[in-house]
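The file entry.tsv comes next; it holds TSV, C-alpha atoms.
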```tsv
chain	number	residue	atom	x	y	z
W	29	MET	CA	34.13	46.60	-27.75
W	30	ASP	CA	35.33	43.36	-26.18
W	31	ILE	CA	32.55	41.89	-24.04
W	32	SER	CA	34.26	38.59	-23.32
W	33	ILE	CA	34.40	37.46	-19.72
W	34	PRO	CA	37.19	39.33	-17.89
W	35	THR	CA	40.07	37.41	-16.38
W	36	THR	CA	38.93	35.14	-13.59
W	37	PRO	CA	39.87	37.43	-10.66
W	38	GLU	CA	38.13	40.35	-12.36
W	39	GLY	CA	35.10	38.31	-13.27
W	40	LEU	CA	34.76	36.99	-9.73
W	41	ALA	CA	35.16	40.51	-8.35
W	42	LEU	CA	32.23	41.69	-10.47
W	43	TYR	CA	30.15	38.75	-9.31
W	44	ARG	CA	31.08	39.43	-5.69
W	45	THR	CA	29.99	43.06	-5.96
W	46	MET	CA	26.63	42.12	-7.43
W	47	VAL	CA	25.98	39.41	-4.87
W	48	ARG	CA	26.83	41.75	-1.98
W	49	ILE	CA	24.44	44.39	-3.34
W	50	ARG	CA	21.63	41.85	-3.77
W	51	ALA	CA	22.16	40.43	-0.29
W	52	PHE	CA	22.09	43.92	1.20
W	53	GLU	CA	18.94	44.92	-0.68
W	54	ASN	CA	17.09	41.73	0.26
W	55	ALA	CA	17.91	42.16	3.93
W	56	ALA	CA	17.10	45.88	3.95
W	57	GLU	CA	13.78	45.20	2.24
W	58	THR	CA	12.79	42.69	4.89
W	59	ALA	CA	13.97	44.94	7.70
W	60	SER	CA	11.84	47.75	6.33
W	61	GLN	CA	8.78	45.50	6.36
W	62	GLY	CA	9.35	43.91	9.75
W	63	GLY	CA	9.52	40.30	8.57
W	64	VAL	CA	11.99	37.43	8.46
W	65	SER	CA	14.98	37.97	6.19
W	66	ALA	CA	16.03	35.60	3.43
W	67	TYR	CA	18.78	34.57	5.85
W	68	GLY	CA	16.37	33.72	8.67
W	69	GLN	CA	16.72	36.78	10.90
W	70	GLN	CA	13.50	38.09	12.42
W	71	ALA	CA	13.11	41.87	12.44
W	72	ALA	CA	11.59	41.81	15.92
W	73	GLY	CA	9.52	44.78	17.00
W	74	GLY	CA	8.42	45.79	13.52
W	75	ALA	CA	10.25	47.64	10.78
W	76	LYS	CA	13.87	48.49	11.53
W	77	VAL	CA	14.59	50.77	8.58
W	78	ARG	CA	13.73	54.41	9.20
W	79	GLY	CA	12.18	56.32	6.34
W	80	PRO	CA	11.51	55.34	2.71
W	81	LEU	CA	13.57	52.58	1.14
W	82	HIS	CA	14.12	52.50	-2.64
W	83	LEU	CA	15.66	49.23	-3.79
W	84	SER	CA	18.02	48.65	-6.71
W	85	THR	CA	17.30	44.91	-6.90
W	86	GLY	CA	17.87	43.68	-10.44
W	87	GLN	CA	20.10	46.61	-11.42
W	88	GLU	CA	23.31	45.32	-9.81
W	89	ALA	CA	25.27	44.92	-13.04
W	90	VAL	CA	25.37	48.66	-13.71
W	91	PRO	CA	27.17	49.87	-10.56
W	92	ALA	CA	29.35	46.75	-10.48
W	93	GLY	CA	30.50	47.14	-14.08
W	94	VAL	CA	31.06	50.89	-13.87
W	95	CYS	CA	32.63	51.26	-10.44
W	96	ALA	CA	35.15	48.49	-11.13
W	97	HIS	CA	37.06	51.13	-13.13
W	98	LEU	CA	36.99	53.88	-10.51
W	99	ARG	CA	39.74	54.97	-8.15
W	100	ALA	CA	39.42	56.17	-4.58
W	101	ALA	CA	39.97	59.78	-5.70
W	102	ASP	CA	37.12	59.62	-8.22
W	103	TYR	CA	33.78	61.11	-7.21
W	104	LEU	CA	30.34	59.57	-7.52
W	105	THR	CA	26.84	61.00	-7.23
W	106	SER	CA	23.79	58.82	-6.84
W	107	THR	CA	20.00	58.74	-6.77
W	108	HIS	CA	17.32	57.85	-4.24
W	109	ARG	CA	18.03	54.24	-5.31
W	110	GLY	CA	21.69	54.34	-4.38
W	111	HIS	CA	22.67	51.41	-2.17
W	112	GLY	CA	24.31	49.55	-5.05
W	113	HIS	CA	26.32	52.57	-6.15
W	114	THR	CA	27.53	53.17	-2.61
W	115	LEU	CA	28.67	49.58	-2.08
W	116	ALA	CA	30.29	49.33	-5.51
W	117	LYS	CA	32.30	52.47	-4.80
W	118	GLY	CA	33.78	50.79	-1.73
W	119	ALA	CA	31.69	52.08	1.17
W	120	ASP	CA	31.35	49.96	4.30
W	121	LEU	CA	28.28	47.70	4.20
W	122	GLY	CA	27.84	47.67	7.97
W	123	ARG	CA	27.84	51.45	8.32
W	124	MET	CA	25.29	51.73	5.52
W	125	MET	CA	22.96	49.29	7.24
W	126	ALA	CA	23.34	51.27	10.46
W	127	GLU	CA	22.40	54.44	8.56
W	128	LEU	CA	19.23	52.78	7.28
W	129	PHE	CA	18.41	51.83	10.86
W	130	GLY	CA	18.87	55.46	11.93
W	131	LYS	CA	21.72	54.60	14.28
W	132	ALA	CA	24.62	56.75	15.46
W	133	THR	CA	27.16	54.44	13.80
W	134	GLY	CA	25.75	55.09	10.34
W	135	PHE	CA	27.56	57.13	7.69
W	136	ASN	CA	25.55	60.21	8.55
W	137	GLY	CA	24.93	59.48	12.20
W	138	GLY	CA	21.45	58.22	11.38
W	139	LYS	CA	20.35	61.56	9.95
W	140	GLY	CA	20.47	60.73	6.26
W	141	GLY	CA	18.77	57.38	5.97
W	142	SER	CA	18.56	55.51	2.71
W	143	MET	CA	18.00	58.47	0.39
W	144	HIS	CA	20.86	60.64	1.64
W	145	ILE	CA	23.73	58.25	2.28
W	146	ALA	CA	27.15	59.74	1.65
W	147	ASP	CA	30.70	58.56	2.31
W	148	PHE	CA	33.24	61.17	1.30
W	149	SER	CA	36.09	58.85	2.33
W	150	VAL	CA	35.46	56.78	-0.82
W	151	GLY	CA	34.35	59.67	-2.99
W	152	MET	CA	30.64	58.93	-2.69
W	153	LEU	CA	29.18	62.45	-2.56
W	154	GLY	CA	25.69	61.36	-1.73
W	155	ALA	CA	22.43	59.77	-2.68
W	156	ASN	CA	19.65	62.26	-3.36
W	157	GLY	CA	15.92	62.21	-2.77
W	158	VAL	CA	15.25	64.72	-5.56
W	159	VAL	CA	15.05	63.25	-9.06
W	160	ALA	CA	17.87	64.63	-11.28
W	161	ALA	CA	19.46	66.58	-8.41
W	162	GLY	CA	22.64	64.50	-8.57
W	163	LEU	CA	23.37	65.71	-12.10
W	164	PRO	CA	24.31	69.34	-11.32
W	165	ILE	CA	26.15	68.19	-8.19
W	166	ALA	CA	28.25	65.85	-10.32
W	167	VAL	CA	28.99	68.57	-12.84
W	168	GLY	CA	30.05	70.92	-10.05
W	169	ALA	CA	32.34	68.25	-8.63
W	170	ALA	CA	33.83	67.54	-12.05
W	171	HIS	CA	34.38	71.24	-12.67
W	172	ALA	CA	36.25	71.47	-9.36
W	173	GLN	CA	38.42	68.52	-10.37
W	174	LYS	CA	39.31	70.25	-13.62
W	175	LEU	CA	40.06	73.63	-12.02
W	176	LEU	CA	42.27	71.96	-9.42
W	177	HIS	CA	44.02	69.85	-12.10
W	178	ARG	CA	43.19	66.64	-10.26
W	179	ASP	CA	43.80	63.30	-11.90
W	180	ALA	CA	40.27	62.12	-11.19
W	181	ILE	CA	36.81	61.94	-12.74
W	182	THR	CA	33.22	62.07	-11.55
W	183	VAL	CA	30.58	59.45	-12.31
W	184	CYS	CA	26.93	60.47	-12.14
W	185	PHE	CA	24.24	57.80	-11.85
W	186	PHE	CA	20.66	58.81	-12.67
W	187	GLY	CA	17.46	57.14	-13.78
W	188	ASP	CA	15.51	57.43	-17.01
W	189	GLY	CA	12.90	59.55	-15.25
W	190	ALA	CA	15.54	62.23	-14.66
W	191	ILE	CA	16.01	62.97	-18.37
W	192	ASN	CA	12.65	64.72	-18.48
W	193	ARG	CA	13.70	67.22	-15.84
W	194	GLY	CA	15.56	70.47	-16.41
W	195	PRO	CA	18.76	69.61	-14.50
W	196	PHE	CA	19.53	66.88	-17.05
W	197	LEU	CA	19.81	69.32	-19.94
W	198	GLU	CA	21.56	71.96	-17.83
W	199	ALA	CA	24.12	69.54	-16.45
W	200	LEU	CA	25.00	67.91	-19.77
W	201	ASN	CA	25.22	71.28	-21.49
W	202	TRP	CA	27.57	72.66	-18.82
W	203	ALA	CA	29.71	69.51	-18.89
W	204	ARG	CA	30.07	69.69	-22.67
W	205	VAL	CA	30.72	73.44	-22.86
W	206	TYR	CA	33.52	73.20	-20.28
W	207	ARG	CA	34.72	69.75	-21.37
W	208	LEU	CA	34.45	68.32	-17.88
W	209	PRO	CA	35.73	64.91	-16.71
W	210	VAL	CA	32.35	63.36	-16.00
W	211	LEU	CA	30.74	60.08	-17.03
W	212	PHE	CA	26.94	60.21	-16.97
W	213	VAL	CA	25.34	56.81	-16.38
W	214	CYS	CA	21.64	56.44	-17.10
W	215	GLU	CA	20.15	53.42	-15.35
W	216	ASP	CA	17.19	53.05	-17.66
W	217	ASN	CA	14.98	50.81	-15.54
W	218	ARG	CA	11.80	51.62	-17.52
W	219	TRP	CA	9.85	53.09	-14.57
W	220	SER	CA	9.46	56.57	-13.09
W	221	ALA	CA	7.96	55.93	-9.65
W	222	THR	CA	4.61	54.29	-10.54
W	223	THR	CA	4.50	55.30	-14.20
W	224	ALA	CA	6.18	53.63	-17.18
W	225	SER	CA	8.83	55.99	-18.55
W	226	GLY	CA	8.42	55.15	-22.23
W	227	PRO	CA	5.07	56.88	-22.88
W	228	MET	CA	6.32	60.02	-21.11
W	229	THR	CA	9.61	60.32	-23.01
W	230	ALA	CA	9.86	61.74	-26.51
W	231	GLY	CA	12.59	60.54	-28.83
W	232	ASP	CA	15.09	57.77	-28.22
W	233	GLY	CA	15.93	58.44	-24.59
W	234	ALA	CA	19.06	59.46	-22.73
W	235	SER	CA	21.65	58.52	-25.34
W	236	ALA	CA	19.90	60.40	-28.16
W	237	ARG	CA	19.59	63.53	-26.04
W	238	ALA	CA	23.25	63.36	-25.04
W	239	GLU	CA	24.31	63.06	-28.67
W	240	ALA	CA	22.19	66.11	-29.51
W	241	LEU	CA	24.48	68.01	-27.12
W	242	ASP	CA	27.59	66.58	-28.80
W	243	ILE	CA	28.27	64.14	-25.97
W	244	ALA	CA	29.24	60.68	-27.21
W	245	ALA	CA	26.90	58.01	-25.84
W	246	THR	CA	27.03	54.23	-25.67
W	247	ARG	CA	24.05	51.94	-25.20
W	248	VAL	CA	24.55	48.69	-23.36
W	249	ASP	CA	22.57	45.78	-21.94
W	250	GLY	CA	22.51	46.86	-18.31
W	251	ASN	CA	21.73	43.34	-17.13
W	252	GLU	CA	24.92	41.90	-18.64
W	253	VAL	CA	27.69	42.85	-16.24
W	254	PHE	CA	30.51	41.95	-18.60
W	255	ALA	CA	29.06	44.18	-21.32
W	256	VAL	CA	28.67	47.05	-18.84
W	257	HIS	CA	32.23	46.47	-17.64
W	258	ALA	CA	33.62	46.60	-21.19
W	259	ALA	CA	31.66	49.69	-22.18
W	260	ALA	CA	32.57	51.51	-18.98
W	261	HIS	CA	36.23	50.62	-19.49
W	262	GLU	CA	36.29	52.47	-22.80
W	263	LEU	CA	34.26	55.46	-21.61
W	264	VAL	CA	36.18	55.96	-18.38
W	265	ALA	CA	39.45	55.84	-20.30
W	266	GLN	CA	38.17	58.48	-22.72
W	267	VAL	CA	37.07	60.77	-19.91
W	268	ARG	CA	40.39	60.34	-18.09
W	269	ALA	CA	42.25	61.23	-21.30
W	270	ASP	CA	40.61	64.67	-21.17
W	271	GLY	CA	38.11	63.65	-23.77
W	272	GLY	CA	35.32	65.51	-22.04
W	273	PRO	CA	32.01	64.08	-20.84
W	274	ARG	CA	30.57	60.76	-22.00
W	275	LEU	CA	27.24	59.01	-21.37
W	276	LEU	CA	26.54	55.33	-20.76
W	277	HIS	CA	22.92	54.35	-21.40
W	278	ALA	CA	22.36	51.07	-19.53
W	279	LEU	CA	19.06	49.31	-20.24
W	280	THR	CA	17.95	47.43	-17.14
W	281	TYR	CA	14.74	46.84	-15.19
W	282	ARG	CA	13.37	47.73	-11.77
W	283	VAL	CA	12.03	44.44	-10.47
W	284	LYS	CA	10.72	45.85	-7.20
W	285	GLY	CA	8.12	48.52	-6.56
W	286	HIS	CA	8.99	52.18	-6.22
W	287	VAL	CA	9.60	51.71	-2.50
W	288	SER	CA	10.03	48.56	-0.44
W	289	VAL	CA	6.39	48.46	0.65
W	290	ASP	CA	5.02	49.04	-2.87
W	291	PRO	CA	3.61	45.81	-4.39
W	292	ALA	CA	3.70	47.44	-7.86
W	293	ALA	CA	0.20	46.23	-8.73
W	294	TYR	CA	0.19	48.79	-11.56
W	295	ARG	CA	2.67	46.68	-13.49
W	296	ASP	CA	1.82	43.89	-15.96
W	297	PRO	CA	2.88	40.60	-14.30
W	298	ALA	CA	4.01	39.26	-17.67
W	299	GLU	CA	6.40	42.20	-18.03
W	300	LEU	CA	7.94	41.45	-14.66
W	301	ALA	CA	8.19	37.72	-15.42
W	302	ALA	CA	10.04	38.48	-18.66
W	303	ALA	CA	12.39	40.83	-16.87
W	304	LEU	CA	13.22	38.25	-14.22
W	305	GLU	CA	14.43	35.95	-17.00
W	306	THR	CA	17.28	38.42	-17.59
W	307	ASP	CA	18.40	38.63	-13.95
W	308	PRO	CA	21.98	39.99	-14.03
W	309	ILE	CA	23.32	37.78	-11.25
W	310	ALA	CA	21.88	34.59	-12.73
W	311	ARG	CA	23.31	35.52	-16.13
W	312	ALA	CA	26.75	36.25	-14.74
W	313	ARG	CA	26.73	33.03	-12.73
W	314	ALA	CA	25.85	31.00	-15.82
W	315	ARG	CA	28.60	32.61	-17.88
W	316	LEU	CA	31.21	32.10	-15.17
W	317	LEU	CA	30.27	28.44	-14.82
W	318	ALA	CA	30.40	28.00	-18.58
W	319	ALA	CA	33.87	29.54	-18.54
W	320	GLY	CA	35.06	26.90	-16.13
W	321	VAL	CA	34.69	28.57	-12.75
W	322	ASP	CA	33.95	26.01	-10.06
W	323	ALA	CA	30.43	26.22	-8.60
W	324	GLY	CA	31.94	25.94	-5.12
W	325	VAL	CA	33.85	29.17	-5.64
W	326	LEU	CA	30.66	31.01	-6.49
W	327	ALA	CA	28.88	29.44	-3.52
W	328	GLU	CA	31.65	30.72	-1.23
W	329	ILE	CA	31.10	34.24	-2.55
W	330	GLU	CA	27.35	33.95	-1.99
W	331	ASN	CA	27.76	32.55	1.53
W	332	ALA	CA	30.27	35.24	2.45
W	333	ALA	CA	27.83	37.95	1.32
W	334	ALA	CA	25.04	36.39	3.36
W	335	ALA	CA	27.25	36.22	6.47
W	336	GLU	CA	28.42	39.80	6.00
W	337	VAL	CA	24.85	41.05	5.78
W	338	GLU	CA	23.76	39.01	8.80
W	339	ALA	CA	26.56	40.59	10.83
W	340	ALA	CA	25.58	44.04	9.57
W	341	LEU	CA	21.95	43.49	10.59
W	342	ALA	CA	22.94	42.39	14.07
W	343	ALA	CA	25.40	45.25	14.51
W	344	ALA	CA	22.91	47.84	13.27
W	345	ASP	CA	20.22	46.51	15.58
W	346	ALA	CA	22.56	46.65	18.59
W	347	ALA	CA	24.08	50.05	17.74
W	348	PRO	CA	23.15	53.07	19.88
W	349	TRP	CA	20.65	55.69	18.82
W	350	PRO	CA	22.05	59.16	18.14
W	351	ASP	CA	22.36	61.40	21.16
W	352	ALA	CA	19.61	64.04	21.28
W	353	ALA	CA	22.22	66.80	21.18
W	354	SER	CA	23.40	65.61	17.77
W	355	ALA	CA	20.20	67.06	16.30
W	356	PHE	CA	21.87	70.46	16.63
W	357	THR	CA	25.08	69.49	14.83
W	358	ASP	CA	25.66	69.62	11.07
W	359	VAL	CA	23.26	72.56	10.96
W	360	GLN	CA	24.12	75.74	9.11
W	361	THR	CA	24.21	78.69	11.47
W	362	THR	CA	22.80	82.09	10.56
W	363	GLY	CA	24.83	83.73	13.31
W	364	ALA	CA	21.78	84.46	15.45
W	365	GLY	CA	22.74	81.92	18.11
W	366	GLN	CA	19.49	79.96	17.92
W	367	TRP	CA	21.34	76.61	17.95
W	368	THR	CA	23.16	77.25	21.21
```
Please express the file's structure as structure tokens.
Amino acid sequence: MDISIPTTPEGLALYRTMVRIRAFENAAETASQGGVSAYGQQAAGGAKVRGPLHLSTGQEAVPAGVCAHLRAADYLTSTHRGHGHTLAKGADLGRMMAELFGKATGFNGGKGGSMHIADFSVGMLGANGVVAAGLPIAVGAAHAQKLLHRDAITVCFFGDGAINRGPFLEALNWARVYRLPVLFVCEDNRWSATTASGPMTAGDGASARAEALDIAATRVDGNEVFAVHAAAHELVAQVRADGGPRLLHALTYRVKGHVSVDPAAYRDPAELAAALETDPIARARARLLAAGVDAGVLAEIENAAAAEVEAALAAADAAPWPDAASAFTDVQTTGAGQWT
């Protein structure tokens, strides 16, 4: 597997995706807490984000490296920590911020919030508040693609905590039995809510369990975007070639608490300090500079991300609230007329 730095445009694109995700997460975190953002904007009137907010800060290399190989027609399922996946798949940053704010201009009209963001226009089938629930959804989507003879695949992101739940085994088994075009991506961030995953997980984790089901698996440093990019390139190509399901086991780290207001006091500070030394954006920046990329080019990318997020915050804050009548839309009817 070639893990050299991609060509300059490709390398910069990966860096841009990671920086945009980090900028979004930092601003959303502050907006959920009611403070002043890293870019100086005061979240006046208290918290702006409605509902729980699960951050993917520190995990940016995984969605950036994987989604760089996806097409618009490809599907993606996510987790409760899905902002990075959504942005990397091409969803609009401003509409996602509006959704977090509960506004009518959000992807789901303010009804979904952070944990249930979806944008079908880019193939993002949805984040999910239930651990492991995205796995069977992804398998169903991949099965539909196969039955309809579509030239597309499905990518399923899930965390290490999900492998100890039944849907993991069921989904991988179904995908292998029917040779479905799905790439499973385990973001192994070492934590399941407020509990370390390691002591709760028998065996060698997601990749070993996939291999037990005859699904080829690749382990990768999930904080090295160029390694993720190279591994995903090979796996996506294999899935597209009707090679059946594959699994990418990306070892990363959740540097924030379970939710944005969780100080994670249960975690050893030394463990966090060590993890911060492997920050994926800092590592990518250093490698790009060493490869000859001008620091000013990287600064332009960082400044553009900051400006984009600032504009998204302002637009979300000014956007209208959903009309009260919209509460009765997108609701399944039983035919009894109770929604009229």
Pull the closest atom pair for each residue of segment 86-175 of chain W that gets at most 9 Å from segment 200-207 of chain W, along with the distance in Å to one decimal, counting all atoms listed in the file, ordering rows by chain and then ascending residue number, as CSV.
```
residue,atom,partner,partner_atom,distance
W:Leu163,CA,W:Leu200,CA,8.1
W:Pro164,CA,W:Leu200,CA,8.6
W:Val167,CA,W:Ala203,CA,6.2
W:Gly168,CA,W:Ala203,CA,9.0
W:Ala170,CA,W:Ala203,CA,8.2
W:His171,CA,W:Tyr206,CA,7.9
```
Closest to Val287 of chain W among W:Leu176, W:Ala355, W:Met143, W:Leu42, using all atoms listed in the file?
->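 Closest to Val287 of chain W, using all atoms listed in the file: W:Met143.
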Which polymer residues have any atom within 10 Å of an atom of Arg295 of chain W, counting all atoms listed in the file, with same-chain residues fewer than 2 positions away left out, as a PyMOL selection string?
-> chain W and resi 219+222-224+285+291-293+297-300
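Of the listed residues (W:Gly138, W:Pro348, W:Pro195, W:Gly320), W:Gly138 comes nearest to Met125 of chain W; the distances count all atoms listed in the file.
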Name all residues at most 8 Å from segment 148-161 of chain W (count all atoms listed in the file; drop same-chain ones fewer than 6 positions away) and give them as a ChimeraX atom specification.
-> /W:100-110,114,117-119,142,186-187,189-191,193,195-196
Who sits within 10 Å of Ala236 of chain W, all atoms listed in the file, same chain under 6 positions skipped, as a ChimeraX atom specification = /W:242-247,277
Hey, can you check how far atom CA of Ala334 of chain W sits from atom CA of Glu57 of chain W?
->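 Atom CA of Glu57 of chain W lies 14.3 Å from atom CA of Ala334 of chain W.
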Best match for closeness to Arg315 of chain W among W:Leu83, W:Leu40, W:Leu276, W:Ala346, counting all atoms listed in the file =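 Answer, going by the shortest atom-to-atom distance: W:Leu40.
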